[in-house]
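For reference, entry11.csv (CSV, C-alpha atoms and all ligand atoms):
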chain,number,residue,atom,x,y,z
A,1,MET,CA,87.1,99.8,114.6
A,2,THR,CA,87.0,102.3,117.4
A,3,GLN,CA,89.7,103.1,119.9
A,4,THR,CA,88.2,100.8,122.5
A,5,GLN,CA,88.3,98.0,120.0
A,6,ARG,CA,91.9,98.6,119.2
A,7,PRO,CA,94.0,95.6,120.5
A,8,HIS,CA,96.5,96.3,123.3
A,9,ARG,CA,100.0,95.8,122.0
A,10,ASN,CA,103.4,95.8,123.5
A,11,PHE,CA,106.2,97.1,121.4
A,12,TYR,CA,109.6,95.9,122.7
A,13,GLY,CA,112.0,97.8,120.4
A,14,ARG,CA,113.4,101.3,120.8
A,15,LEU,CA,111.2,104.2,120.1
A,16,LYS,CA,113.8,106.9,120.6
A,17,GLY,CA,117.6,107.1,120.5
A,18,LYS,CA,119.9,110.1,120.9
A,19,ALA,CA,118.6,113.6,120.8
A,20,LEU,CA,117.4,114.6,117.3
A,21,LYS,CA,119.3,117.3,115.4
A,22,LYS,CA,117.5,120.6,114.7
A,23,SER,CA,117.2,119.7,111.1
A,24,GLN,CA,115.6,116.3,111.9
A,25,LYS,CA,113.1,118.0,114.2
A,26,ALA,CA,112.2,120.3,111.3
A,27,TYR,CA,111.7,117.3,109.0
A,28,LEU,CA,109.3,115.7,111.5
A,29,ASP,CA,107.4,118.9,112.1
A,30,GLU,CA,107.2,120.0,108.5
A,31,ASP,CA,107.1,116.8,106.4
A,32,LEU,CA,105.7,113.9,108.3
A,33,ALA,CA,102.0,114.7,108.4
A,34,ALA,CA,101.8,115.1,104.7
A,35,LEU,CA,103.6,111.7,104.1
A,36,SER,CA,101.4,109.8,106.6
A,37,PRO,CA,99.1,107.3,104.9
A,38,GLY,CA,96.4,108.3,107.3
A,39,ALA,CA,97.1,105.5,109.8
A,40,VAL,CA,98.1,108.0,112.5
A,41,GLY,CA,95.0,109.1,114.3
A,42,TRP,CA,92.7,106.6,112.5
A,43,GLU,CA,90.9,106.0,115.7
A,44,GLU,CA,89.2,109.4,115.3
A,45,ASN,CA,88.2,108.6,111.7
A,46,PRO,CA,86.8,105.1,111.7
A,47,GLU,CA,84.5,106.0,108.8
A,48,ARG,CA,87.5,106.5,106.6
A,49,LEU,CA,88.8,103.0,107.0
A,50,PRO,CA,90.2,100.9,105.5
A,51,LEU,CA,92.8,103.3,104.0
A,52,ASP,CA,92.1,104.3,100.5
A,53,LEU,CA,95.3,103.4,98.7
A,54,ASP,CA,94.0,104.4,95.3
A,55,ALA,CA,93.5,107.9,96.6
A,56,LEU,CA,97.0,107.8,98.2
A,57,PHE,CA,98.9,106.4,95.2
A,58,GLY,CA,96.5,107.0,92.2
A,59,GLY,CA,95.8,103.3,91.6
A,60,ARG,CA,99.5,102.1,91.4
A,61,ASP,CA,100.7,98.8,92.8
A,62,VAL,CA,101.5,99.3,96.5
A,63,TRP,CA,104.6,97.9,98.3
A,64,LEU,CA,105.3,97.8,102.0
A,65,GLU,CA,108.5,97.9,104.0
A,66,VAL,CA,108.4,96.8,107.6
A,67,GLY,CA,111.0,98.3,110.0
A,68,PHE,CA,112.9,100.5,107.4
A,69,GLY,CA,115.5,101.6,110.0
A,70,GLY,CA,117.3,104.6,108.4
A,71,GLY,CA,115.2,104.3,105.2
A,72,GLU,CA,118.0,103.7,102.6
A,73,HIS,CA,116.3,100.7,101.1
A,74,LEU,CA,112.9,102.3,101.1
A,75,VAL,CA,114.1,105.4,99.3
A,76,HIS,CA,116.1,103.3,96.9
A,77,GLN,CA,113.1,101.2,95.9
A,78,ALA,CA,110.9,104.3,95.6
A,79,GLN,CA,113.4,105.9,93.3
A,80,ALA,CA,114.0,102.8,91.2
A,81,ASN,CA,110.3,102.1,90.8
A,82,PRO,CA,108.4,105.3,90.2
A,83,GLU,CA,105.5,103.3,88.8
A,84,ILE,CA,104.6,101.9,92.3
A,85,GLY,CA,103.7,103.5,95.6
A,86,ILE,CA,105.6,102.3,98.7
A,87,ILE,CA,104.7,102.6,102.4
A,88,GLY,CA,107.3,102.2,105.1
A,89,ALA,CA,106.5,101.5,108.8
A,90,GLU,CA,109.0,102.2,111.5
A,91,PRO,CA,108.4,103.1,115.2
A,92,TYR,CA,111.9,104.3,115.9
A,93,ILE,CA,111.5,108.1,115.6
A,94,ASN,CA,115.2,108.7,114.9
A,95,GLY,CA,115.0,106.4,111.9
A,96,VAL,CA,111.9,108.2,110.7
A,97,ALA,CA,113.7,111.5,110.9
A,98,MET,CA,116.7,110.0,108.9
A,99,LEU,CA,114.2,108.8,106.3
A,100,LEU,CA,112.6,112.2,106.0
A,101,GLY,CA,116.0,113.8,105.3
A,102,LYS,CA,116.7,111.3,102.6
A,103,ILE,CA,113.2,111.9,101.0
A,104,ARG,CA,114.0,115.6,100.9
A,105,ARG,CA,117.3,115.0,99.2
A,106,ALA,CA,116.0,112.5,96.7
A,107,SER,CA,112.7,114.3,96.0
A,108,VAL,CA,110.7,111.1,95.8
A,109,THR,CA,106.9,111.5,95.8
A,110,ASN,CA,105.7,107.8,95.6
A,111,LEU,CA,106.4,107.1,99.3
A,112,ALA,CA,104.3,107.2,102.5
A,113,VAL,CA,105.5,106.8,106.0
A,114,HIS,CA,103.8,105.2,109.0
A,115,PRO,CA,105.8,106.3,112.0
A,116,GLY,CA,104.7,103.4,114.2
A,117,ASP,CA,104.2,99.7,114.6
A,118,ALA,CA,103.5,97.8,111.3
A,119,ARG,CA,100.7,95.9,113.1
A,120,ASP,CA,98.7,99.2,113.5
A,121,LEU,CA,99.2,99.9,109.8
A,122,MET,CA,98.2,96.4,108.7
A,123,ASP,CA,94.9,96.8,110.8
A,124,VAL,CA,93.8,99.6,108.5
A,125,LEU,CA,95.1,98.4,105.1
A,126,PRO,CA,92.5,96.8,102.8
A,127,ALA,CA,92.7,93.0,102.3
A,128,ALA,CA,94.9,91.9,99.3
A,129,SER,CA,96.2,95.4,98.7
A,130,ILE,CA,100.0,94.9,98.8
A,131,SER,CA,101.9,93.4,95.9
A,132,LYS,CA,105.4,93.3,97.5
A,133,ALA,CA,106.6,93.4,101.1
A,134,PHE,CA,110.1,93.7,102.6
A,135,LEU,CA,111.1,92.6,106.1
A,136,LEU,CA,114.8,93.4,106.2
A,137,TYR,CA,116.9,92.5,109.2
A,138,PRO,CA,114.0,92.4,111.6
A,139,ASP,CA,115.0,92.6,115.3
A,140,PRO,CA,116.7,89.2,116.0
A,141,TRP,CA,115.6,88.7,119.7
A,142,PRO,CA,118.3,86.1,120.2
A,143,LYS,CA,117.2,84.7,123.6
A,144,ALA,CA,114.8,81.7,123.3
A,145,ARG,CA,112.4,83.2,125.7
A,146,HIS,CA,112.1,86.3,123.4
A,147,HIS,CA,111.5,84.4,120.1
A,148,ARG,CA,107.8,85.1,120.4
A,149,ARG,CA,108.6,88.8,120.0
A,150,ARG,CA,110.0,88.2,116.5
A,151,PHE,CA,108.1,89.5,113.5
A,152,VAL,CA,107.9,86.0,112.1
A,153,THR,CA,105.2,84.9,114.5
A,154,PRO,CA,101.5,84.4,113.7
A,155,GLU,CA,100.6,87.7,115.5
A,156,HIS,CA,102.5,89.6,112.7
A,157,LEU,CA,102.3,87.1,109.8
A,158,GLU,CA,98.6,86.5,109.8
A,159,PRO,CA,97.8,90.2,109.3
A,160,LEU,CA,100.6,90.5,106.7
A,161,ALA,CA,99.1,87.5,104.8
A,162,ARG,CA,95.7,89.2,104.9
A,163,VAL,CA,96.9,92.4,103.3
A,164,MET,CA,99.1,90.8,100.6
A,165,LYS,CA,97.7,90.0,97.2
A,166,PRO,CA,97.6,86.3,96.1
A,167,GLY,CA,100.9,85.9,94.2
A,168,ALA,CA,102.6,88.8,96.0
A,169,ILE,CA,106.2,88.6,96.9
A,170,LEU,CA,107.6,88.8,100.5
A,171,ARG,CA,111.4,89.3,100.9
A,172,VAL,CA,113.0,88.6,104.3
A,173,ALA,CA,116.7,89.3,105.0
A,174,THR,CA,118.4,88.1,108.1
A,175,ASP,CA,121.9,87.4,109.4
A,176,ILE,CA,120.7,85.2,112.3
A,177,PRO,CA,120.6,81.4,111.5
A,178,ASP,CA,117.9,80.8,114.1
A,179,TYR,CA,115.9,83.5,112.6
A,180,VAL,CA,116.2,81.7,109.2
A,181,ARG,CA,114.9,78.6,111.0
A,182,GLN,CA,111.9,80.3,112.5
A,183,THR,CA,111.1,82.2,109.2
A,184,LEU,CA,111.2,78.9,107.2
A,185,GLU,CA,108.9,77.3,109.8
A,186,GLU,CA,106.4,80.2,110.3
A,187,VAL,CA,106.1,82.0,107.0
A,188,PRO,CA,104.9,79.0,105.0
A,189,ARG,CA,102.4,78.2,107.8
A,190,ALA,CA,101.0,81.7,107.3
A,191,GLY,CA,100.2,81.1,103.6
A,192,PHE,CA,103.4,81.7,101.7
A,193,GLU,CA,105.6,79.5,99.6
A,194,TRP,CA,109.4,79.7,99.8
A,195,LEU,CA,110.6,80.2,96.2
A,196,ALA,CA,114.2,78.9,96.6
A,197,GLU,CA,115.4,76.2,94.3
A,198,ALA,CA,119.1,76.3,94.9
A,199,PRO,CA,121.5,77.7,97.6
A,200,ARG,CA,122.4,80.8,95.5
A,201,ASP,CA,118.7,81.8,95.8
A,202,TRP,CA,119.3,82.5,99.6
A,203,ARG,CA,123.0,83.3,99.5
A,204,VAL,CA,123.0,85.9,96.8
A,205,ALA,CA,121.3,89.2,97.3
A,206,TRP,CA,118.4,90.2,95.0
A,207,ASP,CA,119.3,92.0,91.8
A,208,ASP,CA,117.9,95.3,92.9
A,209,TRP,CA,119.3,95.1,96.4
A,210,ILE,CA,120.9,98.0,98.2
A,211,SER,CA,122.7,97.0,101.4
A,212,THR,CA,121.1,98.4,104.6
A,213,ARG,CA,122.8,99.9,107.6
A,214,TYR,CA,122.1,96.9,109.7
A,215,GLU,CA,123.5,94.6,107.0
A,216,GLN,CA,126.7,96.6,106.9
A,217,LYS,CA,127.1,96.1,110.6
A,218,ALA,CA,126.4,92.4,110.3
A,219,LEU,CA,129.0,92.0,107.6
A,220,ARG,CA,131.6,94.0,109.6
A,221,GLU,CA,130.9,91.6,112.5
A,222,GLY,CA,131.4,88.5,110.3
A,223,ARG,CA,127.7,87.4,110.1
A,224,VAL,CA,126.3,86.0,106.9
A,225,PRO,CA,123.2,87.4,105.2
A,226,HIS,CA,120.4,85.2,104.1
A,227,TYR,CA,117.9,86.4,101.5
A,228,LEU,CA,114.6,84.6,101.6
A,229,THR,CA,111.9,85.1,98.9
A,230,PHE,CA,108.3,83.9,99.5
A,231,GLN,CA,105.2,84.1,97.4
A,232,ARG,CA,101.7,84.6,98.9
A,233,ARG,CA,99.7,81.5,97.9
A,234,ALA,CA,96.5,82.1,96.0
A,301,LIG,C1,117.6,95.5,113.2
A,301,LIG,S1,116.7,96.9,112.7
A,301,LIG,C2,116.9,96.8,110.9
A,301,LIG,C3,116.6,98.1,110.2
A,301,LIG,C4,116.7,98.2,108.7
A,301,LIG,N1,115.7,97.3,108.0
A,301,LIG,C5,118.1,97.8,108.2
A,301,LIG,O1,118.2,96.7,107.6
A,301,LIG,O2,119.0,98.5,108.5
A,301,LIG,C6,115.0,96.4,112.8
A,301,LIG,C7,114.0,97.5,112.8
A,301,LIG,O3,112.6,97.0,112.8
A,301,LIG,C8,111.9,97.9,113.5
A,301,LIG,N2,110.7,97.2,114.0
A,301,LIG,C9,110.6,96.3,115.0
A,301,LIG,N3,109.3,95.9,115.2
A,301,LIG,C10,108.6,96.6,114.3
A,301,LIG,C11,107.2,96.6,114.0
A,301,LIG,N4,106.3,95.9,114.7
A,301,LIG,N5,106.8,97.4,113.0
A,301,LIG,C12,107.6,98.2,112.3
A,301,LIG,N6,109.0,98.2,112.5
A,301,LIG,C13,109.4,97.4,113.5
A,301,LIG,C14,112.8,98.4,114.6
A,301,LIG,O4,112.4,99.7,115.2
A,301,LIG,C15,114.1,98.5,113.9
A,301,LIG,O5,114.3,99.8,113.4
Could you take the file, read its structure, and then write that structure out as structure tokens?
Ligand SMILES: C[S@@+](CC[C@H](N)C(=O)[O-])C[C@H]1O[C@@H](n2cnc3c(N)ncnc32)[C@H](O)[C@@H]1O
Amino acid sequence: MTQTQRPHRNFYGRLKGKALKKSQKAYLDEDLAALSPGAVGWEENPERLPLDLDALFGGRDVWLEVGFGGGEHLVHQAQANPEIGIIGAEPYINGVAMLLGKIRRASVTNLAVHPGDARDLMDVLPAASISKAFLLYPDPWPKARHHRRRFVTPEHLEPLARVMKPGAILRVATDIPDYVRQTLEEVPRAGFEWLAEAPRDWRVAWDDWISTRYEQKALREGRVPHYLTFQRRA
């Protein structure tokens, strides 16, 4: 794929927040390039696509977190599972800078960072290469006319289904009842099976869960988390 073939995409979320601290600027300048899976600037290197995940992670299973926010869950999973490699995608540069600080403090090495839209990353991932994916508190877009911006739409889910292995697990957390509705409608349509058998399966967090910043805010504001687990069909 060349730059001219790259699809035009609107990103509606925030790319920048308040001014970065000096230390955060240093993390971005000093650490980000080495942690990039190669998806940044891939237009100039089309012969190197799709990304070589074996070269990146030495043949380990690869997991993906979409919209990692401040990165607490991403670093937690990387630390708890040193036998896998995990890639996080997040366009909000303040979040990326927060993650880089956490990576320095945790000294994890099985982690890669795409500082941009997950759709651009999925374009360059090999088919059936991801064995677990996390979509944790995606932007809720509460107004009906904005529902098509949600991540749980075919524009995002079809590429996600393409890059996930048959049998791979997709976790979605949300505190918005209408987001649950759309997720349960759209995700199975994209080739995933919802694994819940009883209410505790969506009411109780996963065993290895660490609560994210957004979840903490939702809980403070009285909203109820839902934990949805899907499996990519063969
Ligand atoms: C509500 S926040 C939740 C952040 C974090 N997962 C948490 O639970 O604290 C949603 C995040 O998804 C990111 N996001 C939105 N669209 C995205 C996309 N297409 N690719 C990657 N990240 C995206 C936003 O920038 C934002 O940081």
Would you give me, as a Markdown table, each residue of region 38-91 of chain A having an atom within 10 Å of an atom of region 159-172 of chain A, along with its shortest atom pair and that distance in Å to one decimal, using only C-alpha atoms and sorting by chain and residue number?
| residue | atom | partner | partner_atom | distance |
| --- | --- | --- | --- | --- |
| A:Val62 | CA | A:Met164 | CA | 9.7 |
| A:Trp63 | CA | A:Met164 | CA | 9.3 |
| A:Leu64 | CA | A:Leu170 | CA | 9.4 |
| A:Glu65 | CA | A:Arg171 | CA | 9.6 |
| A:Val66 | CA | A:Val172 | CA | 10.0 |
Around ligand LIG 301 (chain A), out to 6 Å and counting only C-alpha atoms and all ligand atoms, which residues are there? I want them as JSON, numbers by chain. {"A": [13, 14, 66, 67, 68, 69, 89, 90, 91, 92, 117, 118, 119, 136, 137, 138, 139, 212, 213, 214, 215]}
Show me, as a PyMOL selection string, the residues that have an atom within 9 Å of Leu49 (chain A) when counting all atoms listed in the file, minus same-chain residues fewer than 2 positions from it. chain A and resi 1+42+45-47+51-52+124-126
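Closest approach to Trp141 (chain A) from the set A:Tyr12, A:Gly88, A:Arg60, A:Gly17 is made by A:Tyr12, with distances taken over only C-alpha atoms.
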Taking all atoms listed in the file into account, name the residue in A:Asp29, A:Ala144, A:Ile103, A:Ile93 that is nearest to Leu15 (chain A). A:Ile93
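You will find CA of Gly71 (chain A) at 24.8 Å from CA of Glu158 (chain A).
Closest approach to Pro37 (chain A) among A:Gly58, A:Pro115, A:Gly101, A:Gly95: A:Pro115, based on only C-alpha atoms.
The interatomic distance for the pair CA of His156 (chain A) and CA of Gln77 (chain A) works out to 23.0 Å.
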Just need the box for region 224-227 of chain A, edges along x, y and z, holding every atom the file lists for it with 8 Å tacked onto each side, so centre and edge lengths in Å to one decimal, as lines of an AutoDock Vina configuration file.
center_x = 122.1
center_y = 86.3
center_z = 104.2
size_x = 24.4
size_y = 18.2
size_z = 21.4
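Proximity to Arg233 (chain A) was assessed for A:Ala205, A:Ala55, A:Leu219, A:Ala128 counting only C-alpha atoms; the smallest distance is recorded for A:Ala128.
Proximity ranking of A:Arg223, A:His147, A:Arg104, A:Arg181 relative to Glu30 (chain A) places A:Arg104 first, based on all atoms listed in the file.
Coordinates place CA of Glu83 (chain A) at a distance of 22.8 Å from CA of Pro50 (chain A).
Minimum atom-to-atom distances from A:Ile130, A:Leu135, A:Val96, A:Ala80 to Gly116 (chain A) were compared using only C-alpha atoms, and the lowest value belongs to A:Val96.
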